[in-house]
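The file structure-v4.pdb contains PDB, C-alpha atoms:
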ATOM      1  CA  MET A   1     -72.578 -91.415  47.745
ATOM      2  CA  LYS A   2     -76.327 -91.227  48.323
ATOM      3  CA  ASP A   3     -78.519 -93.421  50.483
ATOM      4  CA  LEU A   4     -80.859 -95.652  48.508
ATOM      5  CA  PRO A   5     -84.558 -94.765  48.700
ATOM      6  CA  VAL A   6     -86.820 -96.934  50.797
ATOM      7  CA  PRO A   7     -88.452 -99.598  48.551
ATOM      8  CA  GLY A   8     -91.929 -98.494  47.565
ATOM      9  CA  ALA A   9     -91.343 -94.762  47.917
ATOM     10  CA  ASN A  10     -91.793 -92.695  44.726
ATOM     11  CA  VAL A  11     -91.872 -95.860  42.599
ATOM     12  CA  GLY A  12     -91.784 -94.957  38.908
ATOM     13  CA  LYS A  13     -91.410 -91.249  39.655
ATOM     14  CA  PHE A  14     -88.553 -88.895  38.809
ATOM     15  CA  GLN A  15     -87.293 -91.151  36.027
ATOM     16  CA  ASP A  16     -87.639 -88.895  32.977
ATOM     17  CA  SER A  17     -86.479 -85.288  33.060
ATOM     18  CA  LEU A  18     -89.185 -84.191  30.624
ATOM     19  CA  VAL A  19     -92.295 -86.097  31.703
ATOM     20  CA  THR A  20     -93.732 -87.371  34.982
ATOM     21  CA  ALA A  21     -94.783 -90.940  35.747
ATOM     22  CA  ASP A  22     -98.304 -90.295  34.389
ATOM     23  CA  GLY A  23     -96.986 -88.791  31.156
ATOM     24  CA  SER A  24     -97.565 -85.139  32.034
ATOM     25  CA  GLU A  25     -95.082 -82.454  31.060
ATOM     26  CA  ARG A  26     -92.617 -81.983  33.908
ATOM     27  CA  ALA A  27     -92.233 -78.455  35.252
ATOM     28  CA  SER A  28     -88.981 -76.629  34.658
ATOM     29  CA  VAL A  29     -87.513 -73.441  36.075
ATOM     30  CA  ALA A  30     -85.569 -70.823  34.134
ATOM     31  CA  LEU A  31     -82.807 -68.730  35.662
ATOM     32  CA  THR A  32     -84.782 -65.489  35.660
ATOM     33  CA  ASN A  33     -83.086 -63.446  38.379
ATOM     34  CA  PRO A  34     -79.710 -64.732  39.592
ATOM     35  CA  GLU A  35     -79.256 -63.238  43.056
ATOM     36  CA  THR A  36     -76.990 -65.704  44.860
ATOM     37  CA  LEU A  37     -73.970 -67.660  43.673
ATOM     38  CA  TRP A  38     -72.985 -70.396  46.099
ATOM     39  CA  PHE A  39     -69.559 -71.955  46.474
ATOM     40  CA  ASN A  40     -69.226 -75.322  48.157
ATOM     41  CA  THR A  41     -65.848 -75.026  49.829
ATOM     42  CA  GLY A  42     -65.510 -78.821  50.195
ATOM     43  CA  THR A  43     -67.387 -81.651  51.924
ATOM     44  CA  LEU A  44     -64.851 -82.181  54.708
ATOM     45  CA  CYS A  45     -66.265 -81.286  58.120
ATOM     46  CA  ASN A  46     -65.028 -81.477  61.691
ATOM     47  CA  ILE A  47     -68.126 -83.474  62.708
ATOM     48  CA  GLU A  48     -70.501 -85.993  61.144
ATOM     49  CA  CYS A  49     -74.185 -85.171  61.603
ATOM     50  CA  GLU A  50     -76.886 -87.798  61.905
ATOM     51  CA  ASN A  51     -78.935 -86.354  59.028
ATOM     52  CA  CYS A  52     -76.518 -84.470  56.769
ATOM     53  CA  TYR A  53     -77.992 -84.155  53.278
ATOM     54  CA  ILE A  54     -74.535 -83.733  51.746
ATOM     55  CA  LEU A  55     -72.910 -86.494  53.857
ATOM     56  CA  SER A  56     -70.177 -84.189  55.155
ATOM     57  CA  SER A  57     -67.714 -85.761  57.580
ATOM     58  CA  PRO A  58     -64.035 -85.709  58.608
ATOM     59  CA  THR A  59     -63.348 -88.220  55.798
ATOM     60  CA  ASN A  60     -65.717 -87.303  52.929
ATOM     61  CA  ASP A  61     -63.703 -85.371  50.353
ATOM     62  CA  ALA A  62     -66.009 -86.107  47.412
ATOM     63  CA  LEU A  63     -66.080 -82.337  46.902
ATOM     64  CA  VAL A  64     -62.578 -80.998  47.402
ATOM     65  CA  TYR A  65     -61.467 -77.578  48.592
ATOM     66  CA  LEU A  66     -62.066 -74.680  46.239
ATOM     67  CA  SER A  67     -59.278 -72.123  45.934
ATOM     68  CA  ALA A  68     -59.406 -68.337  45.961
ATOM     69  CA  PRO A  69     -58.312 -68.112  42.281
ATOM     70  CA  GLU A  70     -61.139 -70.491  41.302
ATOM     71  CA  VAL A  71     -63.670 -68.374  43.173
ATOM     72  CA  THR A  72     -62.265 -65.221  41.579
ATOM     73  CA  SER A  73     -62.709 -66.764  38.135
ATOM     74  CA  TYR A  74     -66.447 -67.106  38.747
ATOM     75  CA  LEU A  75     -66.667 -63.613  40.190
ATOM     76  CA  ASP A  76     -65.193 -62.419  36.884
ATOM     77  CA  GLN A  77     -67.821 -64.434  35.025
ATOM     78  CA  ILE A  78     -70.595 -62.731  36.996
ATOM     79  CA  THR A  79     -69.431 -59.433  35.509
ATOM     80  CA  GLU A  80     -68.993 -60.919  32.042
ATOM     81  CA  ARG A  81     -72.504 -62.421  32.043
ATOM     82  CA  ASN A  82     -74.015 -59.337  33.692
ATOM     83  CA  TRP A  83     -75.724 -61.416  36.358
ATOM     84  CA  PRO A  84     -77.445 -59.214  38.979
ATOM     85  CA  ILE A  85     -75.858 -61.137  41.856
ATOM     86  CA  ARG A  86     -76.133 -59.452  45.251
ATOM     87  CA  GLU A  87     -74.872 -62.263  47.486
ATOM     88  CA  ILE A  88     -72.055 -64.799  47.487
ATOM     89  CA  GLY A  89     -72.743 -67.802  49.708
ATOM     90  CA  PHE A  90     -70.200 -70.268  51.073
ATOM     91  CA  THR A  91     -71.267 -73.685  52.291
ATOM     92  CA  GLY A  92     -69.669 -77.062  52.930
ATOM     93  CA  GLY A  93     -68.840 -79.305  54.686
ATOM     94  CA  GLU A  94     -67.549 -76.819  57.163
ATOM     95  CA  PRO A  95     -66.266 -73.797  55.214
ATOM     96  CA  PHE A  96     -63.682 -72.894  57.847
ATOM     97  CA  MET A  97     -61.943 -76.228  57.241
ATOM     98  CA  ASN A  98     -60.843 -74.710  53.918
ATOM     99  CA  PRO A  99     -57.560 -72.830  54.546
ATOM    100  CA  GLN A 100     -58.500 -70.213  51.903
ATOM    101  CA  MET A 101     -61.877 -69.337  53.438
ATOM    102  CA  ILE A 102     -60.834 -65.829  54.443
ATOM    103  CA  ALA A 103     -59.190 -65.136  51.079
ATOM    104  CA  MET A 104     -62.278 -66.342  49.199
ATOM    105  CA  SER A 105     -64.551 -64.162  51.338
ATOM    106  CA  ARG A 106     -62.297 -61.168  50.858
ATOM    107  CA  ALA A 107     -62.395 -61.621  47.080
ATOM    108  CA  ALA A 108     -66.203 -61.508  47.123
ATOM    109  CA  LEU A 109     -66.448 -58.602  49.546
ATOM    110  CA  ALA A 110     -63.933 -56.587  47.530
ATOM    111  CA  ARG A 111     -66.296 -56.818  44.542
ATOM    112  CA  GLY A 112     -69.109 -55.296  46.598
ATOM    113  CA  PHE A 113     -71.095 -58.491  47.210
ATOM    114  CA  ASP A 114     -72.742 -59.423  50.466
ATOM    115  CA  VAL A 115     -71.199 -62.609  51.844
ATOM    116  CA  LEU A 116     -73.068 -65.399  53.621
ATOM    117  CA  ILE A 117     -71.060 -68.185  55.282
ATOM    118  CA  LEU A 118     -72.761 -71.310  56.610
ATOM    119  CA  THR A 119     -70.868 -72.687  59.621
ATOM    120  CA  ASN A 120     -71.227 -74.766  62.758
ATOM    121  CA  ALA A 121     -69.177 -72.080  64.578
ATOM    122  CA  MET A 122     -67.033 -74.739  66.225
ATOM    123  CA  LEU A 123     -63.281 -75.327  66.337
ATOM    124  CA  PRO A 124     -62.451 -74.640  62.647
ATOM    125  CA  MET A 125     -63.969 -71.148  62.901
ATOM    126  CA  MET A 126     -62.441 -70.570  66.311
ATOM    127  CA  ARG A 127     -58.848 -71.097  65.200
ATOM    128  CA  LYS A 128     -56.761 -68.001  65.814
ATOM    129  CA  SER A 129     -56.093 -67.369  62.125
ATOM    130  CA  MET A 130     -59.781 -67.612  61.199
ATOM    131  CA  ARG A 131     -60.921 -65.346  64.026
ATOM    132  CA  ALA A 132     -58.309 -62.772  63.065
ATOM    133  CA  GLY A 133     -59.383 -62.993  59.432
ATOM    134  CA  LEU A 134     -63.056 -62.544  60.273
ATOM    135  CA  GLN A 135     -62.284 -59.510  62.398
ATOM    136  CA  GLU A 136     -60.222 -58.004  59.580
ATOM    137  CA  LEU A 137     -63.029 -58.571  57.082
ATOM    138  CA  GLU A 138     -65.649 -57.069  59.380
ATOM    139  CA  ALA A 139     -63.467 -54.000  59.931
ATOM    140  CA  ALA A 140     -62.840 -53.551  56.206
ATOM    141  CA  TYR A 141     -66.414 -54.330  55.070
ATOM    142  CA  PRO A 142     -68.673 -53.580  58.049
ATOM    143  CA  GLY A 143     -72.093 -55.178  57.909
ATOM    144  CA  LYS A 144     -71.474 -56.920  54.565
ATOM    145  CA  MET A 145     -70.781 -60.363  55.988
ATOM    146  CA  THR A 146     -73.212 -62.735  57.736
ATOM    147  CA  LEU A 147     -72.446 -66.067  59.340
ATOM    148  CA  ARG A 148     -75.399 -68.457  59.421
ATOM    149  CA  VAL A 149     -74.798 -70.807  62.314
ATOM    150  CA  SER A 150     -76.156 -74.355  62.242
ATOM    151  CA  LEU A 151     -78.038 -74.764  65.520
ATOM    152  CA  ASP A 152     -80.390 -77.647  64.958
ATOM    153  CA  HIS A 153     -82.415 -77.094  68.126
ATOM    154  CA  PHE A 154     -82.608 -74.580  70.939
ATOM    155  CA  THR A 155     -81.751 -77.261  73.523
ATOM    156  CA  ALA A 156     -78.513 -79.175  73.983
ATOM    157  CA  PRO A 157     -79.976 -82.718  74.038
ATOM    158  CA  GLN A 158     -81.756 -82.363  70.690
ATOM    159  CA  HIS A 159     -78.910 -80.528  68.970
ATOM    160  CA  ASP A 160     -76.314 -82.977  70.294
ATOM    161  CA  ALA A 161     -78.414 -85.924  69.116
ATOM    162  CA  GLU A 162     -77.754 -84.675  65.577
ATOM    163  CA  ARG A 163     -74.181 -83.414  65.917
ATOM    164  CA  GLY A 164     -72.546 -85.255  68.801
ATOM    165  CA  LYS A 165     -72.211 -84.766  72.533
ATOM    166  CA  GLY A 166     -70.893 -81.350  73.499
ATOM    167  CA  SER A 167     -71.600 -79.796  70.087
ATOM    168  CA  PHE A 168     -74.254 -77.433  71.441
ATOM    169  CA  ASP A 169     -71.921 -75.859  73.993
ATOM    170  CA  LYS A 170     -69.109 -75.529  71.456
ATOM    171  CA  THR A 171     -71.416 -73.841  68.956
ATOM    172  CA  LEU A 172     -72.714 -71.425  71.597
ATOM    173  CA  MET A 173     -69.121 -70.571  72.455
ATOM    174  CA  GLY A 174     -68.512 -69.649  68.825
ATOM    175  CA  MET A 175     -71.727 -67.642  68.673
ATOM    176  CA  ARG A 176     -70.745 -65.681  71.765
ATOM    177  CA  TRP A 177     -67.423 -64.856  70.115
ATOM    178  CA  LEU A 178     -69.243 -63.641  67.002
ATOM    179  CA  ARG A 179     -71.546 -61.565  69.212
ATOM    180  CA  ASP A 180     -68.611 -59.931  70.988
ATOM    181  CA  ALA A 181     -66.768 -59.362  67.697
ATOM    182  CA  GLY A 182     -69.803 -57.541  66.296
ATOM    183  CA  ILE A 183     -70.139 -59.935  63.361
ATOM    184  CA  ARG A 184     -73.667 -60.407  62.080
ATOM    185  CA  MET A 185     -75.080 -63.891  62.512
ATOM    186  CA  THR A 186     -78.265 -65.772  61.808
ATOM    187  CA  VAL A 187     -79.295 -69.330  62.655
ATOM    188  CA  ALA A 188     -80.303 -72.409  60.661
ATOM    189  CA  GLY A 189     -82.402 -74.847  62.689
ATOM    190  CA  ARG A 190     -84.282 -78.017  61.819
ATOM    191  CA  THR A 191     -87.855 -79.213  62.151
ATOM    192  CA  LEU A 192     -87.190 -82.862  62.959
ATOM    193  CA  TRP A 193     -88.890 -83.136  66.332
ATOM    194  CA  GLY A 194     -92.591 -82.730  65.578
ATOM    195  CA  GLU A 195     -92.732 -79.310  67.191
ATOM    196  CA  SER A 196     -94.867 -76.571  65.747
ATOM    197  CA  GLU A 197     -93.095 -73.629  64.162
ATOM    198  CA  GLN A 198     -94.502 -71.426  66.919
ATOM    199  CA  VAL A 199     -92.946 -73.597  69.651
ATOM    200  CA  SER A 200     -89.630 -73.783  67.823
ATOM    201  CA  ARG A 201     -89.376 -70.045  67.265
ATOM    202  CA  ALA A 202     -90.339 -69.340  70.876
ATOM    203  CA  GLY A 203     -87.565 -71.658  72.056
ATOM    204  CA  PHE A 204     -84.985 -69.935  69.872
ATOM    205  CA  ALA A 205     -86.215 -66.527  71.052
ATOM    206  CA  ASP A 206     -85.546 -67.530  74.664
ATOM    207  CA  LEU A 207     -82.077 -68.786  73.759
ATOM    208  CA  TYR A 208     -81.223 -65.567  71.914
ATOM    209  CA  ARG A 209     -82.445 -63.419  74.781
ATOM    210  CA  ASP A 210     -80.521 -65.376  77.401
ATOM    211  CA  ASN A 211     -77.281 -65.023  75.409
ATOM    212  CA  GLY A 212     -77.690 -61.487  74.095
ATOM    213  CA  PHE A 213     -77.774 -62.601  70.474
ATOM    214  CA  ASP A 214     -79.148 -59.963  68.088
ATOM    215  CA  ILE A 215     -81.161 -62.478  66.041
ATOM    216  CA  ASP A 216     -84.876 -62.296  65.314
ATOM    217  CA  ALA A 217     -86.473 -65.673  66.079
ATOM    218  CA  GLN A 218     -89.629 -64.746  64.156
ATOM    219  CA  HIS A 219     -87.897 -63.593  60.986
ATOM    220  CA  PRO A 220     -87.638 -66.518  58.497
ATOM    221  CA  GLY A 221     -84.420 -65.109  57.068
ATOM    222  CA  GLN A 222     -82.734 -64.767  60.452
ATOM    223  CA  THR A 223     -83.951 -68.030  61.964
ATOM    224  CA  VAL A 224     -84.266 -70.464  59.079
ATOM    225  CA  LEU A 225     -86.066 -73.711  59.913
ATOM    226  CA  PHE A 226     -85.246 -76.458  57.411
ATOM    227  CA  PRO A 227     -87.344 -79.608  56.964
ATOM    228  CA  GLU A 228     -85.795 -83.050  56.962
ATOM    229  CA  MET A 229     -84.147 -83.783  53.615
ATOM    230  CA  ASP A 230     -85.409 -87.336  53.105
ATOM    231  CA  GLU A 231     -85.475 -88.579  49.509
ATOM    232  CA  SER A 232     -87.456 -91.669  50.520
ATOM    233  CA  VAL A 233     -90.578 -89.703  51.523
ATOM    234  CA  GLU A 234     -93.452 -90.037  49.054
ATOM    235  CA  VAL A 235     -93.986 -86.714  47.264
ATOM    236  CA  PRO A 236     -95.910 -85.655  44.150
ATOM    237  CA  GLU A 237     -94.135 -84.781  40.943
ATOM    238  CA  ILE A 238     -94.417 -81.171  39.763
ATOM    239  CA  THR A 239     -96.025 -80.701  36.355
ATOM    240  CA  THR A 240     -96.473 -77.515  34.353
ATOM    241  CA  ALA A 241    -100.094 -77.462  35.529
ATOM    242  CA  CYS A 242     -99.015 -77.305  39.173
ATOM    243  CA  TRP A 243     -98.060 -73.630  38.976
ATOM    244  CA  GLY A 244    -101.686 -72.660  38.455
ATOM    245  CA  ILE A 245    -103.069 -75.274  40.831
ATOM    246  CA  LEU A 246    -100.722 -74.222  43.623
ATOM    247  CA  ASP A 247    -100.898 -70.526  42.718
ATOM    248  CA  LYS A 248     -97.112 -70.375  42.604
ATOM    249  CA  SER A 249     -94.605 -68.960  40.157
ATOM    250  CA  PRO A 250     -91.498 -70.779  38.935
ATOM    251  CA  ASN A 251     -89.680 -67.501  39.584
ATOM    252  CA  ASP A 252     -90.098 -68.147  43.323
ATOM    253  CA  VAL A 253     -88.224 -71.465  43.264
ATOM    254  CA  MET A 254     -84.609 -71.464  44.405
ATOM    255  CA  CYS A 255     -83.099 -72.478  41.073
ATOM    256  CA  ALA A 256     -84.627 -69.378  39.454
ATOM    257  CA  SER A 257     -82.257 -67.211  41.469
ATOM    258  CA  SER A 258     -79.182 -69.247  42.433
ATOM    259  CA  ARG A 259     -76.491 -71.660  41.292
ATOM    260  CA  MET A 260     -73.688 -73.489  43.156
ATOM    261  CA  VAL A 261     -70.044 -74.064  42.211
ATOM    262  CA  VAL A 262     -68.346 -77.282  43.359
ATOM    263  CA  LYS A 263     -65.115 -79.093  42.595
ATOM    264  CA  ARG A 264     -65.340 -82.871  42.464
ATOM    265  CA  LYS A 265     -62.486 -85.047  43.638
ATOM    266  CA  GLY A 266     -60.213 -85.757  40.671
ATOM    267  CA  ALA A 267     -61.749 -83.060  38.456
ATOM    268  CA  GLN A 268     -59.503 -80.610  36.646
ATOM    269  CA  SER A 269     -61.868 -77.700  37.186
ATOM    270  CA  PRO A 270     -65.008 -76.775  39.130
ATOM    271  CA  ALA A 271     -68.547 -77.316  37.877
ATOM    272  CA  VAL A 272     -71.754 -75.341  38.276
ATOM    273  CA  LEU A 273     -74.808 -77.063  39.736
ATOM    274  CA  ALA A 274     -78.456 -76.089  39.529
ATOM    275  CA  CYS A 275     -79.096 -76.580  43.228
ATOM    276  CA  THR A 276     -77.299 -76.471  46.564
ATOM    277  CA  LEU A 277     -79.310 -79.487  47.745
ATOM    278  CA  LEU A 278     -78.270 -81.902  44.992
ATOM    279  CA  PRO A 279     -74.465 -82.018  44.939
ATOM    280  CA  TYR A 280     -74.261 -85.656  43.810
ATOM    281  CA  ALA A 281     -77.073 -85.785  41.225
ATOM    282  CA  ALA A 282     -75.382 -85.766  37.806
ATOM    283  CA  GLU A 283     -78.525 -84.509  36.081
ATOM    284  CA  PHE A 284     -78.266 -81.204  37.939
ATOM    285  CA  GLU A 285     -74.703 -80.437  36.828
ATOM    286  CA  LEU A 286     -74.999 -77.772  34.154
ATOM    287  CA  GLY A 287     -71.422 -77.279  32.985
ATOM    288  CA  ALA A 288     -68.168 -75.605  33.927
ATOM    289  CA  THR A 289     -69.164 -71.987  33.298
ATOM    290  CA  LEU A 290     -71.889 -69.562  34.287
ATOM    291  CA  ALA A 291     -72.859 -69.275  30.640
ATOM    292  CA  GLU A 292     -73.684 -72.988  30.578
ATOM    293  CA  ALA A 293     -75.452 -72.649  33.931
ATOM    294  CA  GLU A 294     -78.052 -70.336  32.413
ATOM    295  CA  ALA A 295     -79.928 -73.390  31.119
ATOM    296  CA  PRO A 296     -83.367 -74.116  32.641
ATOM    297  CA  VAL A 297     -83.694 -76.790  35.323
ATOM    298  CA  GLN A 298     -86.107 -79.719  35.077
ATOM    299  CA  LEU A 299     -87.705 -80.423  38.484
ATOM    300  CA  ASN A 300     -86.835 -84.110  38.394
ATOM    301  CA  HIS A 301     -86.079 -84.864  42.054
ATOM    302  CA  PRO A 302     -88.110 -85.342  45.284
ATOM    303  CA  HIS A 303     -86.328 -82.345  46.847
ATOM    304  CA  CYS A 304     -87.666 -80.137  44.045
ATOM    305  CA  ALA A 305     -91.202 -80.945  45.136
ATOM    306  CA  LYS A 306     -90.979 -81.256  48.913
ATOM    307  CA  PHE A 307     -88.376 -78.651  49.743
ATOM    308  CA  CYS A 308     -88.687 -75.967  47.072
ATOM    309  CA  VAL A 309     -92.105 -75.953  45.394
ATOM    310  CA  LEU A 310     -94.329 -77.295  48.171
ATOM    311  CA  GLY A 311     -92.153 -76.185  51.078
ATOM    312  CA  GLY A 312     -91.286 -72.779  49.666
ATOM    313  CA  ALA A 313     -87.831 -72.945  51.202
ATOM    314  CA  SER A 314     -84.654 -71.198  50.148
ATOM    315  CA  CYS A 315     -81.023 -71.441  51.158
ATOM    316  CA  SER A 316     -80.430 -67.738  50.601
ATOM    317  CA  ALA A 317     -80.494 -65.060  53.267
TER     318      ALA A 317
END
In structure tokens, write the structure found in this file.
Amino acid sequence: MKDLPVPGANVGKFQDSLVTADGSERASVALTNPETLWFNTGTLCNIECENCYILSSPTNDALVYLSAPEVTSYLDQITERNWPIREIGFTGGEPFMNPQMIAMSRAALARGFDVLILTNAMLPMMRKSMRAGLQELEAAYPGKMTLRVSLDHFTAPQHDAERGKGSFDKTLMGMRWLRDAGIRMTVAGRTLWGESEQVSRAGFADLYRDNGFDIDAQHPGQTVLFPEMDESVEVPEITTACWGILDKSPNDVMCASSRMVVKRKGAQSPAVLACTLLPYAAEFELGATLAEAEAPVQLNHPHCAKFCVLGGASCSA
């Protein structure tokens, strides 16, 4: 499923889960404060992006649709394991392709969790049944649900270069509906164009103002700017010594506070992964239950270094 790395990049690195290429002890991260449990609703999507880290498309069903009973089973396990989860996240693919998206969200909201749904806000979300369901959920659980809309750039040409001609206008249409429905939304953009963060945030601020969107362009949790997820880029491996050198704590890395549930095509039951960014890496599959998912995670992947430790990024709200 994954693209092969460019020859010469990270040669000899990320081969052994316990030691780095130079023989140093590889850093690991314990699950110290589980705050977010993610559910990948399936890799099917209504569009195919140019740089999709999970390779979602109208034909990729490598991760199949989760069902509401399967989600409920893990919500029960949260209680059983006494995890201090505050947020349930849904990602894809496009979550609103899954016909049980509203039922899964309702199950999480009914337990008192905040719900975060990652969406492109296009046709799947705009179907009559989904709009009605979102309005019902907002009325029943006001302010507990957030939709994070994928808006790669604040201009149509750049966004459409990633997602296809006309995508920008369709996404804005969905965002305007969310605005008018009073449903909280945030934005996930990308930093692929060599622009400074200041320029990017200023551009989004103008877009929000022009459309009356109640989104803070300067707040990193409301306008999330993700770097390019390129496994072929040369990055350093993270050793146990790096925490002191970088003045960082393993508790700040994403896998210290989150896990993701997926269901692979042909599997009898879902599995729990260490990371939302590594759905196809077998090493990061921890087991079928949350109890098994409490195991520490070895930082044995380029994304661990570039995105999480060095980039300080997080998929949570």
Considering all atoms listed in the file, return as a compact mmCIF listing (two decimals) with C-alpha atoms, keeping the file's coordinate frame whatever protein or nucleic-acid residues lie within 12 Å of Met254 (chain A), sequence-local ones (same chain, fewer than 4 positions apart) excluded.
# COMPACT_ATOMS: atom_id res chain seq x y z
CA SER A 28 -88.98 -76.63 34.66
CA VAL A 29 -87.51 -73.44 36.08
CA ALA A 30 -85.57 -70.82 34.13
CA LEU A 31 -82.81 -68.73 35.66
CA THR A 32 -84.78 -65.49 35.66
CA ASN A 33 -83.09 -63.45 38.38
CA PRO A 34 -79.71 -64.73 39.59
CA GLU A 35 -79.26 -63.24 43.06
CA THR A 36 -76.99 -65.70 44.86
CA LEU A 37 -73.97 -67.66 43.67
CA TRP A 38 -72.98 -70.40 46.10
CA SER A 249 -94.60 -68.96 40.16
CA PRO A 250 -91.50 -70.78 38.94
CA SER A 258 -79.18 -69.25 42.43
CA ARG A 259 -76.49 -71.66 41.29
CA MET A 260 -73.69 -73.49 43.16
CA ALA A 274 -78.46 -76.09 39.53
CA CYS A 275 -79.10 -76.58 43.23
CA THR A 276 -77.30 -76.47 46.56
CA LEU A 277 -79.31 -79.49 47.74
CA VAL A 297 -83.69 -76.79 35.32
CA LEU A 299 -87.70 -80.42 38.48
CA HIS A 303 -86.33 -82.34 46.85
CA CYS A 304 -87.67 -80.14 44.04
CA ALA A 305 -91.20 -80.94 45.14
CA PHE A 307 -88.38 -78.65 49.74
CA CYS A 308 -88.69 -75.97 47.07
CA VAL A 309 -92.10 -75.95 45.39
CA LEU A 310 -94.33 -77.30 48.17
CA GLY A 311 -92.15 -76.18 51.08
CA GLY A 312 -91.29 -72.78 49.67
CA ALA A 313 -87.83 -72.94 51.20
CA SER A 314 -84.65 -71.20 50.15
CA CYS A 315 -81.02 -71.44 51.16
CA SER A 316 -80.43 -67.74 50.60
CA ALA A 317 -80.49 -65.06 53.27
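Between Val64 (chain A) and the candidates A:Ala267, A:Ala132, A:Ala161, A:Ala202, the tightest atom-to-atom separation, counting all atoms listed in the file, involves A:Ala267.
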* **Spatial neighbours of Asn60 (chain A), max dist 8 Å, all atoms listed in the file, sep filter under 3 positions, as a PyMOL selection string** => chain A and resi 43-45+55-57+63
* Asked: How would you write, as a PyMOL selection string, the residues chosen by the PyMOL selection byres ((chain A and resi 119-127) around 9) on this structure?
  -> chain A and resi 45-46+90-98+117-118+128-132+147-151+167+170-175+177-178
* **Distance of CA of His159 (chain A) from CA of Phe39 (chain A), expressed in Å to one decimal place** => 25.8 Å
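Reported to one decimal place, the separation of CA of Glu87 (chain A) from CA of Ile102 (chain A) is 16.1 Å.
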Who sits within 6 Å of Ala271 (chain A), all atoms listed in the file, same chain under 3 positions skipped, as a compact mmCIF listing (two decimals) with C-alpha atoms, keeping the file's coordinate frame:
# COMPACT_ATOMS: atom_id res chain seq x y z
CA VAL A 261 -70.04 -74.06 42.21
CA VAL A 262 -68.35 -77.28 43.36
CA GLY A 287 -71.42 -77.28 32.98
CA ALA A 288 -68.17 -75.60 33.93
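Considering all atoms listed in the file, the residue among A:Cys52, A:Val115, A:Ala293, A:Ala205 positioned nearest to Phe226 (chain A) is A:Cys52.
We find CA of Thr191 (chain A) and CA of Met101 (chain A) to be spaced 29.1 Å apart.
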* Structure fact -> The residue from A:Ile88, A:Met104, A:Ile54, A:Ala181 with the smallest atom-to-atom distance to Ser67 (chain A), counting only C-alpha atoms, is A:Met104
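When all atoms listed in the file are used to compute distances to Arg86 (chain A), the closest of the residues A:Ala107, A:Leu116, A:Ala21, A:Met185 turns out to be A:Leu116.
Here the question is which of A:Ser73, A:Thr146, A:Asn300, A:Gln100 gets nearest to Gly221 (chain A) using only C-alpha atoms, and that residue is A:Thr146.
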* Selected residue of minimal separation from Pro84 (chain A) among A:Glu283, A:His153, A:Pro227, A:Ser257, counting all atoms listed in the file -> A:Ser257
List the spatial neighbours of Glu50 (chain A) as a compact mmCIF listing (two decimals) with C-alpha atoms, keeping the file's coordinate frame - criterion: any atom at most 9 Å away, only C-alpha atoms, same-chain residues fewer than 4 positions off excluded.
# COMPACT_ATOMS: atom_id res chain seq x y z
CA ALA A 161 -78.41 -85.92 69.12
CA GLU A 162 -77.75 -84.68 65.58
CA ARG A 163 -74.18 -83.41 65.92
CA GLY A 164 -72.55 -85.26 68.80
* Asked: Do you know which residues the PyMOL selection byres ((chain A and resi 24) around 10) returns on this file, as a VMD selection string?
  -> chain A and resid 18 to 23 25 to 27 237 to 241
* Identify the residues around (-71.3, -66.7, 35.9) within a radius of 9 Å, measuring from only C-alpha atoms in the coordinates stated by the file, and give them as number ranges by chain. => A: 37, 73-83, 259, 272, 289-294
* Take the PyMOL selection byres ((chain A and resi 136-139) around 9), apply it to the structure above, and return the hits as an NGL selection string. => :A and (102 or 105-106 or 109 or 131-135 or 140-145 or 181-183)
* Within 12 Å of (-87.3, -68.8, 70.7) (coordinates as in the file), grab all the protein and nucleic acid residues, counting only C-alpha atoms, and write them out as a ChimeraX atom specification. => /A:153-155,187,189,196-211,213,215-219,222-223,225
